[in-house]
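See below for the structure under consideration.
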Amino acid sequence: MFNNILIAVHPTNEDEAKQALQEGARLLADGGELHLVSVYNPSGTAFFPHVNEEAPDAKENEVRDNLDLLMRKYLPRDVSATLHVLTGETAEQLNALAAQLASNLMVLTSKGACSRWSLRRATLEFVTINAPCAVLVLKVDEDEAETKIA
């Protein structure tokens, strides 16, 4: 059992989040702390990086609302989590937050050989090599990991 678990999820992928939250709750020691985090790059999705389609505050609120929904939907009623929404480079932000929180375990998900795998593999590799704590990578079945939150 772990006393301080950091769970990183994409805020719109419900199946990944469900699996990660359920596993995190299962591994959490009585009286332990659970943290749910998502990292986004406010300029990383636009064709022109300096042009942002959505105001940063609006995007942060959208991500926080999705995380809150996932937490309420998939955590047992007697387990709560602190939500964290970060901006910047994913792997660096995750490792920094894990160090700041003195996490004992970081839970990540991986879809394996999907179309986004090359980016995710680099992130997973960086996190696992440089993390200040143990890292658990959950493999999510590609066929089951397509449910998205609108």
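All residue names refer to the structure tokens as shown: chains lettered A, B, ... in order, residues numbered from 1 in each chain, ligands numbered from 1 in order.
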Quick one: residues within 6 Å of segment 127-135 of chain A, only C-alpha atoms counted, chain neighbours fewer than 2 positions away excluded, as a short mmCIF file (atom, residue, chain, number, x, y, z; two decimals) with C-alpha atoms, in the first residue's frame?
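Printed below is result_2.cif as written:
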```cif
data_model
loop_
_atom_site.label_atom_id
_atom_site.label_comp_id
_atom_site.auth_asym_id
_atom_site.auth_seq_id
_atom_site.Cartn_x
_atom_site.Cartn_y
_atom_site.Cartn_z
CA ALA A 91 6.99 14.56 -18.33
CA ASN A 95 8.07 14.49 -12.15
CA ALA A 99 8.69 15.44 -6.04
CA ASN A 104 5.37 7.22 -3.18
CA LEU A 105 3.80 6.08 -6.46
CA MET A 106 2.88 7.62 -9.81
CA VAL A 107 0.24 5.84 -11.91
CA LEU A 124 6.56 7.45 -20.28
CA GLU A 125 10.25 6.75 -20.71
#
```
List as a short mmCIF file (atom, residue, chain, number, x, y, z; two decimals) with C-alpha atoms, in the first residue's frame the protein and nucleic acid residues near Glu60 of chain A, meaning an atom at most 9 Å away when only C-alpha atoms are counted, but skip any in the same chain fewer than 3 places from it.
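Done, and the output landed in out-v5.cif:
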```cif
data_model
loop_
_atom_site.label_atom_id
_atom_site.label_comp_id
_atom_site.auth_asym_id
_atom_site.auth_seq_id
_atom_site.Cartn_x
_atom_site.Cartn_y
_atom_site.Cartn_z
CA TYR A 40 -1.71 20.32 -21.07
CA PRO A 42 -1.91 25.66 -24.07
CA ALA A 55 -8.20 31.42 -23.25
CA PRO A 56 -5.82 29.68 -20.79
CA ASP A 57 -8.24 30.12 -17.88
CA VAL A 63 -9.67 20.30 -17.73
CA ARG A 64 -10.42 20.72 -14.01
CA ASP A 65 -14.15 20.12 -14.59
CA VAL A 85 -4.08 21.03 -13.63
CA LEU A 86 -0.64 21.95 -14.94
CA THR A 87 0.63 23.54 -18.13
#
```
**OP:** Tell me which of A:Leu69, A:Val37, A:Ala122, A:Val137 sits closest to Leu94 of chain A, counting only C-alpha atoms.
**Re:** A:Val37
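Taking atom CA of Ser80 of chain A and atom CA of Ile5 of chain A as the two end points, the separation is 11.7 Å.
Going from atom CA of Lys59 of chain A to atom CA of Tyr74 of chain A covers 22.6 Å.
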**OP:** Enumerate, as a PyMOL selection string, the complete set of residues in segment 2-112 of chain A that a backbone-based DSSP assignment places in helix (DSSP H, G or I).
**Re:** chain A and resi 14-27+56-74+90-101
What lies within 12 Å of Ala29 of chain A using only C-alpha atoms, ignoring chain neighbours under 5 positions off, as an mmCIF file with N, CA, C and O atoms, in the first residue's frame?
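Output (part04.cif):
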```
data_model
loop_
_atom_site.group_PDB
_atom_site.id
_atom_site.type_symbol
_atom_site.label_atom_id
_atom_site.label_comp_id
_atom_site.auth_asym_id
_atom_site.auth_seq_id
_atom_site.Cartn_x
_atom_site.Cartn_y
_atom_site.Cartn_z
ATOM 1 N N MET A 1 0.834 -1.184 0.000
ATOM 2 C CA MET A 1 0.000 0.000 0.000
ATOM 3 C C MET A 1 0.886 1.258 0.000
ATOM 4 O O MET A 1 1.953 1.268 0.584
ATOM 5 N N PHE A 2 0.357 2.310 -0.617
ATOM 6 C CA PHE A 2 1.113 3.552 -0.768
ATOM 7 C C PHE A 2 0.376 4.688 -0.063
ATOM 8 O O PHE A 2 -0.852 4.770 -0.112
ATOM 9 N N ASN A 3 1.142 5.583 0.547
ATOM 10 C CA ASN A 3 0.563 6.686 1.321
ATOM 11 C C ASN A 3 0.251 7.920 0.486
ATOM 12 O O ASN A 3 -0.564 8.744 0.890
ATOM 13 N N ASN A 4 0.942 8.084 -0.644
ATOM 14 C CA ASN A 4 0.765 9.289 -1.441
ATOM 15 C C ASN A 4 0.883 8.897 -2.911
ATOM 16 O O ASN A 4 1.986 8.651 -3.401
ATOM 17 N N ILE A 5 -0.249 8.853 -3.600
ATOM 18 C CA ILE A 5 -0.277 8.390 -4.987
ATOM 19 C C ILE A 5 -0.677 9.533 -5.912
ATOM 20 O O ILE A 5 -1.666 10.230 -5.665
ATOM 21 N N GLY A 24 -5.462 3.164 -8.489
ATOM 22 C CA GLY A 24 -4.919 4.047 -7.461
ATOM 23 C C GLY A 24 -5.654 3.902 -6.143
ATOM 24 O O GLY A 24 -5.036 3.828 -5.076
ATOM 25 N N LEU A 34 -4.462 10.883 -2.283
ATOM 26 C CA LEU A 34 -4.560 10.597 -3.704
ATOM 27 C C LEU A 34 -4.593 11.931 -4.448
ATOM 28 O O LEU A 34 -5.330 12.845 -4.063
ATOM 29 N N VAL A 79 -13.192 7.712 -0.829
ATOM 30 C CA VAL A 79 -11.867 8.133 -1.282
ATOM 31 C C VAL A 79 -12.009 9.456 -2.033
ATOM 32 O O VAL A 79 -12.867 9.587 -2.898
ATOM 33 N N ASN A 104 4.734 8.529 -3.264
ATOM 34 C CA ASN A 104 5.366 7.216 -3.181
ATOM 35 C C ASN A 104 5.179 6.438 -4.477
ATOM 36 O O ASN A 104 5.929 5.509 -4.753
ATOM 37 N N LEU A 105 4.129 6.795 -5.238
ATOM 38 C CA LEU A 105 3.800 6.079 -6.465
ATOM 39 C C LEU A 105 3.150 7.038 -7.451
ATOM 40 O O LEU A 105 2.314 7.853 -7.075
#
```
Subject >> Interatomic distance (Å, one decimal) between atom CA of Lys73 of chain A and atom CA of Gly32 of chain A >> reply: 19.7 Å
Original post:
Given the choices A:His84, A:Lys18, A:Lys139, A:Arg26, which gets closest to Thr109 of chain A if the distance is worked out from only C-alpha atoms?
Top reply: A:Lys139
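The residue that comes closest to Gly31 of chain A, out of A:Ala81, A:Ala98, A:Leu108, A:Leu138 and on the basis of only C-alpha atoms, is A:Ala81.
With only C-alpha atoms as the atoms that count, the minimum distance from Gln22 of chain A to the choices A:Arg121, A:His10, A:Arg77, A:Lys111 is reached by A:Arg77.
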Subject >> Nearest candidate to Leu27 of chain A (options A:Thr12, A:Asp68, A:Ser110, A:Ile7; using only C-alpha atoms) >> reply: A:Ile7
